[in-house]
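A.B. asks: Once you've had a glance at the structure underneath, I'll fire off some questions.
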Amino acid sequence: MSKLITVLNGPNLNLLGQRQPEIYGHDTLSDVEAGCAKVAQEYGLRSELLQSNHEGVLVDMIQKCRETSAGIIINPAAYTHTSVAILDALNTFDGPVLEIHISNIHHREAFRHTSFVSKRADSAIIGMGVQGYYLCMHRMGTLLGQSA
Ligand code: CA2
């Protein structure tokens with residue numbers, strides 16, 4: 001069975017492609033799911049995309065990854081800037097963790113300039129639109145020693 005990469009998404013990202021396209025673009029989360037699956041397949045990996053608007057549910061999802069997943073790609077959305085609980089959960093996960101932000105958080109309000117998750121993430125991609133998810137998946141392929 002091929003290794004699973006979990007792509008976790010935080011609050012409001014279910015609205016991707018439906019609001020604020022000037023910041024987040026036109027692609028939906030379903031488009032991202034399909035794009036991630038395609039790149040994962042190139043590396044002989046599988047991917048699943050999950051989204052929740054609730055901090056505790058995201059913590060539960062991360063804990064489950066300890067048993068199911070070889071790597072985590074995470075866009076924690078607003079919880080990026082607030083959640084010690086998500087950071088603590090990620091610290092219990094042994095595999096690679098890659099952080100992605102669609103927008104360039106450093107060009108935005110000061111409260112978006114800090115990331116708790118970056119304390120744990122092995123790398124981060126910021127401000128490359130949804131392409132950032134696919135770049136993270138390529139990086140997962142490399143980190144997990146899979147050839148494209
Ligand atoms: O740029 C990113 O990916 C963010 O993680 C997105 C979060 C924001 O709180 C972070 O500071 C940066 C917000 C996600 C909201 O997603 C929406 C998508 C479409 C329409 C409305 C919200």
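Residues in the structure tokens are numbered from 1 in each chain, the chains being A, B, ... in the order shown, and ligands are numbered from 1 in the order shown.
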Just list as a list in words whatever in region 108-140 of chain A DSSP marks as strand (DSSP E or B).

C.D. replies: Ser123, Ala124, Ile125 and Ile126 of chain A

A.B. asks: Go ahead and write the residues just picked, all heavy atoms, as a PDB file, in the first residue's frame.

C.D. replies:
ATOM      1  N   SER A 123       9.207  23.042   6.521  1.00  0.00           N
ATOM      2  CA  SER A 123       9.324  24.107   5.519  1.00  0.00           C
ATOM      3  C   SER A 123       7.958  24.758   5.370  1.00  0.00           C
ATOM      4  O   SER A 123       6.942  24.185   5.783  1.00  0.00           O
ATOM      5  CB  SER A 123       9.718  23.558   4.144  1.00  0.00           C
ATOM      6  OG  SER A 123      10.740  22.616   4.228  1.00  0.00           O
ATOM      7  N   ALA A 124       7.967  25.942   4.740  1.00  0.00           N
ATOM      8  CA  ALA A 124       6.697  26.636   4.485  1.00  0.00           C
ATOM      9  C   ALA A 124       6.719  27.256   3.098  1.00  0.00           C
ATOM     10  O   ALA A 124       7.768  27.723   2.638  1.00  0.00           O
ATOM     11  CB  ALA A 124       6.468  27.710   5.530  1.00  0.00           C
ATOM     12  N   ILE A 125       5.561  27.245   2.450  1.00  0.00           N
ATOM     13  CA  ILE A 125       5.388  27.945   1.168  1.00  0.00           C
ATOM     14  C   ILE A 125       4.286  28.977   1.377  1.00  0.00           C
ATOM     15  O   ILE A 125       3.185  28.640   1.826  1.00  0.00           O
ATOM     16  CB  ILE A 125       5.040  26.967   0.032  1.00  0.00           C
ATOM     17  CG1 ILE A 125       6.279  26.127  -0.298  1.00  0.00           C
ATOM     18  CG2 ILE A 125       4.569  27.729  -1.205  1.00  0.00           C
ATOM     19  CD1 ILE A 125       6.102  25.179  -1.459  1.00  0.00           C
ATOM     20  N   ILE A 126       4.614  30.217   1.039  1.00  0.00           N
ATOM     21  CA  ILE A 126       3.726  31.340   1.362  1.00  0.00           C
ATOM     22  C   ILE A 126       3.557  32.224   0.135  1.00  0.00           C
ATOM     23  O   ILE A 126       4.557  32.589  -0.509  1.00  0.00           O
ATOM     24  CB  ILE A 126       4.334  32.150   2.532  1.00  0.00           C
ATOM     25  CG1 ILE A 126       4.268  31.324   3.816  1.00  0.00           C
ATOM     26  CG2 ILE A 126       3.628  33.491   2.727  1.00  0.00           C
ATOM     27  CD1 ILE A 126       5.037  31.884   4.977  1.00  0.00           C
TER      28      ILE A 126
END

A.B. asks: Within 10 Å of ligand 1 (counting only C-alpha atoms and all ligand atoms), which residues show up? I'd like them as a count of residues only.

C.D. replies: 53

A.B. asks: If we count only C-alpha atoms, what is near Thr6 (chain A) at a cut-off of 9 Å, once residues fewer than 3 positions away on the same chain are taken out, given as a PyMOL selection string?

C.D. replies: chain A and resi 46-50+62+65+68-74

A.B. asks: Looking only at helix (DSSP H, G or I) from DSSP on the backbone, list the matching residues of region 5-78 of chain A as JSON, numbers by chain.

C.D. replies: {"A": [13, 14, 15, 21, 22, 23, 24, 29, 30, 31, 32, 33, 34, 35, 36, 37, 38, 39, 40, 41, 42, 55, 56, 57, 58, 59, 60, 61, 62, 63, 64, 65, 66, 67, 68, 77, 78]}

A.B. asks: Rank nothing, just name the residue among A:Val97, A:Met1, A:Val57, A:Phe116 nearest to Leu143 (chain A), using only C-alpha atoms.

C.D. replies: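 Once distances to Leu143 (chain A) are computed over only C-alpha atoms, the minimum belongs to A:Val97.
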
A.B. asks: From the list A:His107, A:Arg120, A:Arg66, A:Lys38, which residue is nearest Leu87 (chain A) when using only C-alpha atoms?

C.D. replies: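 The closest residue to Leu87 (chain A) is A:Arg120.
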
A.B. asks: I'd like the contact shell of Gln41 (chain A) - 12 Å cut-off, only C-alpha atoms, skipping same-chain residues fewer than 6 positions apart - returned as a list in words.

C.D. replies: Ser2, Lys3, Leu4, Ile5, Ala34, Gly35, Ser47, Glu48, Tyr134, Met137, His138, Met140, Gly141, Gln146, Ser147 and Ala148 of chain A

A.B. asks: Let me see the file: selected residues, C-alpha atoms, as a JSON list (two decimals), in the first residue's frame.

C.D. replies:
[["chain", "number", "residue", "atom", "x", "y", "z"],
["A", 2, "SER", "CA", 1.40, 3.41, -0.97],
["A", 3, "LYS", "CA", 2.15, 6.03, 1.67],
["A", 4, "LEU", "CA", -0.60, 8.51, 2.51],
["A", 5, "ILE", "CA", -0.11, 12.29, 2.64],
["A", 34, "ALA", "CA", -7.70, 16.79, -7.34],
["A", 35, "GLY", "CA", -4.41, 18.64, -7.99],
["A", 47, "SER", "CA", -3.30, 11.92, -0.73],
["A", 48, "GLU", "CA", -6.41, 12.81, 1.24],
["A", 134, "TYR", "CA", 1.25, 21.20, -5.29],
["A", 137, "MET", "CA", 3.35, 17.64, -2.52],
["A", 138, "HIS", "CA", 6.44, 17.58, -4.79],
["A", 140, "MET", "CA", 6.85, 15.41, 0.14],
["A", 141, "GLY", "CA", 7.83, 13.13, -2.73],
["A", 146, "GLN", "CA", 9.97, 8.65, -3.81],
["A", 147, "SER", "CA", 11.04, 9.20, -7.44],
["A", 148, "ALA", "CA", 8.71, 10.97, -9.86]]

A.B. asks: Using only C-alpha atoms, find the one residue out of A:Phe93, A:Ala85, A:Leu58, A:Thr142 that sits nearest to Glu42 (chain A).

C.D. replies: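 Of the candidates, the smallest distance to Glu42 (chain A) is held by A:Thr142.
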